[in-house]
Amino acid sequence: MLIKAPKGTKDILPDEIVNWQIIEQKANEVFSKANFKEIRTPIFEETSLFERGVGDTTDIVNKEMYTFIKSDRSLTLRPENTAGAVRAYLEHNFFRESPPVKFWYKGPMFRYERPQAGRQRQFHQIGVEMFGIQDASADAEVILLASEFLKSLGLNDLTVEINSLGCNKCRAEYKENLKKAIAPFLDGLCEDCKSRYEKNPLRILDCKNEDCIRLFEENNLKNSVSGIKLCDECSNHYKQLKEYLDILNIKYEENTFLVRGLDYYTKTVFEIKSNNLGSQNAVCGGGRYDGLVETLGGVHTPAVGWAMGVERLNSLIGKIQDNKIDYFVVSDNKQEALKLTYKLRACGFSAEFDYNSRKFIKQLEKASKIAKFAIILGEDEIKNNYLSVKNMETSEQTRETFEDLVK
RNA sequence: GCGGGCAUCGCCAAGCGGUUAAGGCCUCGGAUUGUGGUUCCGAUAUGCGUGGGUUCGAAUCCCACUGCCCGCCCCA
């Protein structure tokens with residue numbers, strides 16, 4: 001019985017690795033320009049980091065974590081990277097630097113869920129975190145960054161949705177008002193919504209149940225929600241964000257039903273969606289988390305960030321072709337072929353030869369499949385110290401010395 | 001945790017109870033011991049996810065299991 005990769009995990013094969021390399025390279029380019037620095041945190045952390053950081057009312061913490069005990073310590077494979085980034089920020093005293101402190105990261109995350117389109121148990125995220133700036137220009141900055149990054153990958157028309165959840169102060173009020181608006185038709189909602197009503201009423205807005213959505217519409221919940229006032233500070237912040245986005249010419253849609261499932265978000269939340277992803281349609285999600293640094297033991301520090309799912313991103317990008325190598329050395333003399341191959345590599349070219357010493361015609365056929373040029377190195381070439389270089393695209397063949405070729 | 005669908009060569013597949021399980025791609029070899037990518041010929045599944053059962057006879061029908069995919073929940 002062959003051992004297979006575990007459920008919900010995938011091998012990234014040579015055929016598709018080019019996409020990944022390009023995504024990571026673009027991330028580095030785009031984020032570096034904005035002076036975001038890459039950070040790499042451990043793949044596992046102490047379990048309590050996620051319980052405190054992500055929130056113990058979330059599904060992620062309640063039923064999706066890969067947790068194991070080693071030497072009496074409870075450790076967990078990271079389900080996301082924001083908590084780890086904040087932990088590192090505190091552990092290495094980044095709060096002593098002049099704000100903002102700007103990080104970006106990439107890497108695998110782990111969540112125990114039933115796999116489906118756009119969802120795996122081991123998946124990859126690229127994300128940014130920005131610490132120390134309360135002003136809405138920081139929110140705009142990270143949204144701009146997400147948009148620039150997507151643009152650099154040729155993804156231009158994705159929808160940005162934004163909303164504001166308010167701060168701790170006004171969110172409590174918001175929840176009460178929301179409950180009041182929902183109360184009249186609470187009985188008609190699904191079981192999940194009924195239990196969310198007490199535990200986490202904001203999440204009711206996120207319900208996908210058709211009957212619930214119909215009831216929301218019949219009772220004009222959207223208007224009721226829009227009518228709920230944020231405190232002055234929060235509504236100002238939200239207003240400023242929209243002004244910044246307008247100035248930056250970033251198109252967005254306001255979605256008063258946009259609620260994120262992680263507990264740490266405050267004020268701004270946003271998602272970037274695509275219609276080509278199946279039912280898991282968010283390629284990017286994030287927002288502001290002004291309370292998280294404090295929750296994890298630091299002084300109050302405003303922060304904002306997002307994460308993208310690399311697998312989802314990848315499925316939006318067409319397959320990027322692997323480039324052909326520069327030279328394939330065709331020769332009956334394996335020693336000379338090997339020597340020439342290594343000389344070409346030393347000069348910075350990609351090169352290969354036929355390890356099997358097959359017939360000339362087979363070698364040329366192989367060359368046409370994998371290389372831009374074939375270098376024919378036969379008896380005559382070796383004796384008279386020249387190379388026959390054939391362009392496999394145009395069939396043109398020229399006679400050159402090694403020195404001319406590598407110039 | 002709950003629904004739905006699918007499993008035939010490395011990949012894509014035809015077959016729907018009856019003699020040796022189509023075809024295509026890829027791979028390998030030959031036509032062709034120095035000029036390929038087009039062409040022609042040839043090779044490649046004692047086996048149809050696994051285990052039972054029905055039948056004279058099963059890839060084809062029935063049952064169980066496993067795996068994968070899709071959806072719900074939640075999230076990237």
# chains A, B, ... in the order shown; residues from 1 in each chain; ligands from 1
>>> interface_residues(of="chain A", to="chain B", cutoff="7 Å", atoms="only C-alpha atoms (C1' of nucleotides)", output="list in words")
Asp59, Gln116, Gln125, Ala282, Val283, Cys284, Gly285, Ala307, Met308, Gly309, Phe360, Ile361, Leu364, Glu365 and Ser368 of chain A
>>> write_last_selection(atoms="C-alpha atoms", output="PDB file, in the first residue's frame")
ATOM      1  CA  ASP A  59     -14.284  28.177  15.036  1.00  0.00           C
ATOM      2  CA  GLN A 116     -13.128  21.555  -0.604  1.00  0.00           C
ATOM      3  CA  GLN A 125      -0.900  32.669   3.144  1.00  0.00           C
ATOM      4  CA  ALA A 282     -12.424  35.637  -0.750  1.00  0.00           C
ATOM      5  CA  VAL A 283      -8.847  35.830  -1.927  1.00  0.00           C
ATOM      6  CA  CYS A 284      -7.873  38.391   0.694  1.00  0.00           C
ATOM      7  CA  GLY A 285      -9.257  39.279   4.078  1.00  0.00           C
ATOM      8  CA  ALA A 307      -3.811  37.802   4.592  1.00  0.00           C
ATOM      9  CA  MET A 308      -4.219  36.268   1.157  1.00  0.00           C
ATOM     10  CA  GLY A 309      -4.715  32.608   0.371  1.00  0.00           C
ATOM     11  CA  PHE A 360      21.833  11.897 -32.724  1.00  0.00           C
ATOM     12  CA  ILE A 361      18.282  12.192 -33.938  1.00  0.00           C
ATOM     13  CA  LEU A 364      17.988  16.600 -31.239  1.00  0.00           C
ATOM     14  CA  GLU A 365      14.383  15.692 -30.597  1.00  0.00           C
ATOM     15  CA  SER A 368      13.646  20.681 -29.385  1.00  0.00           C
TER      16      SER A 368
END
>>> select_by_dssp(residues="range 30-221 of chain A", states="alpha helix (DSSP H)", output="MDAnalysis selection string")
chainID A and resid 30:33 47:53 59:63 82:91 136:152 168:182 191:199 210:218 221
>>> residues_around(residues="Asp332 in chain A", least_positions_apart="6", cutoff="8 Å", atoms="only C-alpha atoms (C1' of nucleotides)", output="ChimeraX atom specification")
/A:357-360,377-378
>>> write_last_selection(atoms="N, CA, C and O atoms", output="PDB file, in the first residue's frame")
ATOM      1  N   SER A 357      23.386   8.988 -23.994  1.00  0.00           N
ATOM      2  CA  SER A 357      24.100   8.815 -25.264  1.00  0.00           C
ATOM      3  C   SER A 357      23.220   8.199 -26.339  1.00  0.00           C
ATOM      4  O   SER A 357      23.601   7.237 -26.994  1.00  0.00           O
ATOM      5  N   ARG A 358      22.053   8.731 -26.483  1.00  0.00           N
ATOM      6  CA  ARG A 358      21.184   8.166 -27.506  1.00  0.00           C
ATOM      7  C   ARG A 358      21.606   8.643 -28.882  1.00  0.00           C
ATOM      8  O   ARG A 358      22.477   9.494 -29.025  1.00  0.00           O
ATOM      9  N   LYS A 359      20.915   8.116 -29.866  1.00  0.00           N
ATOM     10  CA  LYS A 359      21.259   8.478 -31.235  1.00  0.00           C
ATOM     11  C   LYS A 359      21.070   9.976 -31.453  1.00  0.00           C
ATOM     12  O   LYS A 359      20.216  10.605 -30.840  1.00  0.00           O
ATOM     13  N   PHE A 360      21.865  10.474 -32.393  1.00  0.00           N
ATOM     14  CA  PHE A 360      21.833  11.897 -32.724  1.00  0.00           C
ATOM     15  C   PHE A 360      20.412  12.433 -32.879  1.00  0.00           C
ATOM     16  O   PHE A 360      20.035  13.447 -32.308  1.00  0.00           O
ATOM     17  N   LEU A 377      27.861  19.092 -31.201  1.00  0.00           N
ATOM     18  CA  LEU A 377      29.285  18.920 -30.921  1.00  0.00           C
ATOM     19  C   LEU A 377      29.692  17.544 -31.437  1.00  0.00           C
ATOM     20  O   LEU A 377      29.676  16.551 -30.715  1.00  0.00           O
ATOM     21  N   GLY A 378      30.027  17.519 -32.736  1.00  0.00           N
ATOM     22  CA  GLY A 378      30.392  16.247 -33.357  1.00  0.00           C
ATOM     23  C   GLY A 378      31.893  16.145 -33.550  1.00  0.00           C
ATOM     24  O   GLY A 378      32.654  16.990 -33.075  1.00  0.00           O
TER      25      GLY A 378
END
>>> residues_around(residues="range 43-58 of chain B", least_positions_apart="4", cutoff="7 Å", atoms="only C-alpha atoms (C1' of nucleotides)", output="JSON, numbers by chain")
{"B": [7, 8, 9, 17, 18, 66]}
>>> residues_around(residues="Ser98 in chain A", least_positions_apart="3", cutoff="12 Å", atoms="only C-alpha atoms (C1' of nucleotides)", output="NGL selection string")
:A and (93-95 or 101-102 or 131-133)
>>> closest_atom_pairs(of="range 56-130 of chain A", to="range 196-200 of chain A", cutoff="12 Å", atoms="only C-alpha atoms", output="tab-separated table")
residue	atom	partner	partner_atom	distance
A:Asp56	CA	A:Lys199	CA	11.4
A:Thr57	CA	A:Lys199	CA	8.0
A:Thr58	CA	A:Asn200	CA	9.6
A:Asp59	CA	A:Asn200	CA	11.8
>>> select_by_dssp(residues="range 70-270 of chain A", states="strand (DSSP E or B)", output="ChimeraX atom specification")
/A:70,73-77,101-110,116,119,122-131,159-164,253-254,266-270
>>> write_last_selection(atoms="N, CA and C atoms", output="CSV table (one decimal), in the first residue's frame")
chain,number,residue,atom,x,y,z
A,70,LYS,N,3.9,18.2,23.9
A,70,LYS,CA,5.3,17.7,23.9
A,70,LYS,C,5.9,18.3,25.2
A,73,ARG,N,4.1,20.7,27.3
A,73,ARG,CA,3.7,22.0,26.7
A,73,ARG,C,2.6,21.7,25.6
A,74,SER,N,1.6,22.5,25.6
A,74,SER,CA,0.6,22.4,24.5
A,74,SER,C,1.1,23.3,23.4
A,75,LEU,N,1.3,22.7,22.2
A,75,LEU,CA,1.7,23.5,21.1
A,75,LEU,C,0.7,23.3,20.0
A,76,THR,N,0.7,24.3,19.1
A,76,THR,CA,-0.3,24.3,18.0
A,76,THR,C,0.3,24.7,16.7
A,77,LEU,N,0.0,24.0,15.6
A,77,LEU,CA,0.4,24.4,14.3
A,77,LEU,C,-0.4,25.7,14.0
A,101,VAL,N,5.8,50.1,12.3
A,101,VAL,CA,6.6,48.9,12.1
A,101,VAL,C,5.8,48.0,11.1
A,102,LYS,N,6.5,47.7,10.0
A,102,LYS,CA,5.7,47.0,8.9
A,102,LYS,C,6.3,45.7,8.6
A,103,PHE,N,5.6,44.6,8.7
A,103,PHE,CA,6.0,43.3,8.4
A,103,PHE,C,5.2,42.7,7.2
A,104,TRP,N,5.9,41.8,6.5
A,104,TRP,CA,5.1,40.9,5.6
A,104,TRP,C,5.6,39.5,5.8
A,105,TYR,N,4.8,38.5,5.5
A,105,TYR,CA,5.1,37.1,5.7
A,105,TYR,C,4.5,36.2,4.6
A,106,LYS,N,5.1,35.1,4.5
A,106,LYS,CA,4.5,34.0,3.6
A,106,LYS,C,4.8,32.7,4.3
A,107,GLY,N,3.9,31.7,4.0
A,107,GLY,CA,4.2,30.4,4.6
A,107,GLY,C,2.9,29.6,4.8
A,108,PRO,N,3.1,28.3,5.2
A,108,PRO,CA,2.0,27.4,5.4
A,108,PRO,C,1.3,27.6,6.7
A,109,MET,N,0.0,27.5,6.7
A,109,MET,CA,-0.9,27.5,7.8
A,109,MET,C,-1.7,26.2,7.9
A,110,PHE,N,-2.3,25.9,9.0
A,110,PHE,CA,-2.9,24.6,9.2
A,110,PHE,C,-4.2,24.8,9.9
A,116,GLN,N,-12.3,21.3,0.6
A,116,GLN,CA,-13.1,21.6,-0.6
A,116,GLN,C,-12.4,22.6,-1.5
A,119,ARG,N,-10.0,25.3,-0.2
A,119,ARG,CA,-9.7,25.1,1.2
A,119,ARG,C,-9.0,23.8,1.4
A,122,GLN,N,-3.5,22.0,5.0
A,122,GLN,CA,-2.3,22.9,5.0
A,122,GLN,C,-2.5,23.8,3.8
A,123,PHE,N,-2.5,25.1,4.0
A,123,PHE,CA,-2.6,26.0,2.9
A,123,PHE,C,-1.6,27.1,3.2
A,124,HIS,N,-1.5,28.0,2.2
A,124,HIS,CA,-0.4,29.0,2.3
A,124,HIS,C,-1.0,30.4,2.3
A,125,GLN,N,-0.5,31.3,3.1
A,125,GLN,CA,-0.9,32.7,3.1
A,125,GLN,C,0.3,33.6,2.9
A,126,ILE,N,0.0,34.7,2.3
A,126,ILE,CA,0.9,35.8,2.2
A,126,ILE,C,0.2,37.0,2.9
A,127,GLY,N,0.8,37.7,3.8
A,127,GLY,CA,0.1,38.7,4.5
A,127,GLY,C,1.0,39.9,4.9
A,128,VAL,N,0.4,41.0,5.3
A,128,VAL,CA,1.1,42.1,5.8
A,128,VAL,C,0.5,42.6,7.2
A,129,GLU,N,1.3,43.1,8.0
A,129,GLU,CA,0.9,43.7,9.3
A,129,GLU,C,1.6,45.0,9.5
A,130,MET,N,0.8,46.0,10.0
A,130,MET,CA,1.4,47.3,10.1
A,130,MET,C,1.0,47.8,11.5
A,131,PHE,N,2.0,48.1,12.3
A,131,PHE,CA,1.8,48.4,13.8
A,131,PHE,C,2.1,49.9,14.0
A,159,THR,N,-13.1,42.7,-6.6
A,159,THR,CA,-13.9,43.6,-5.8
A,159,THR,C,-13.4,43.8,-4.4
A,160,VAL,N,-13.2,45.0,-4.0
A,160,VAL,CA,-12.8,45.3,-2.6
A,160,VAL,C,-14.1,45.6,-1.8
A,161,GLU,N,-14.3,44.9,-0.7
A,161,GLU,CA,-15.5,45.2,0.1
A,161,GLU,C,-15.0,45.7,1.4
A,162,ILE,N,-15.6,46.8,2.0
A,162,ILE,CA,-15.2,47.3,3.2
A,162,ILE,C,-16.4,47.5,4.2
A,163,ASN,N,-16.0,47.5,5.5
A,163,ASN,CA,-17.0,47.8,6.5
A,163,ASN,C,-16.3,48.3,7.7
A,164,SER,N,-17.0,48.8,8.7
A,164,SER,CA,-16.4,49.2,10.0
A,164,SER,C,-17.2,48.5,11.1
A,253,GLU,N,-16.6,48.6,-2.5
A,253,GLU,CA,-18.0,48.6,-2.2
A,253,GLU,C,-18.2,48.5,-0.7
A,254,GLU,N,-19.1,49.2,-0.2
A,254,GLU,CA,-19.4,49.1,1.3
A,254,GLU,C,-20.4,48.0,1.5
A,266,THR,N,-11.2,45.3,14.9
A,266,THR,CA,-11.9,46.5,15.3
A,266,THR,C,-12.0,47.4,14.1
A,267,LYS,N,-12.9,48.3,14.2
A,267,LYS,CA,-13.1,49.3,13.1
A,267,LYS,C,-13.1,48.7,11.7
A,268,THR,N,-12.1,49.0,10.9
A,268,THR,CA,-12.1,48.6,9.5
A,268,THR,C,-12.0,47.1,9.3
A,269,VAL,N,-12.8,46.5,8.5
A,269,VAL,CA,-12.6,45.2,8.0
A,269,VAL,C,-12.8,45.2,6.5
A,270,PHE,N,-12.1,44.3,5.8
A,270,PHE,CA,-12.3,44.3,4.3
A,270,PHE,C,-12.0,42.9,3.8
>>> closest_residue(among="A:Gly154, A:Gly287, A:Gly166, A:Gly261", to="Gly305 in chain A", atoms="only C-alpha atoms")
A:Gly287
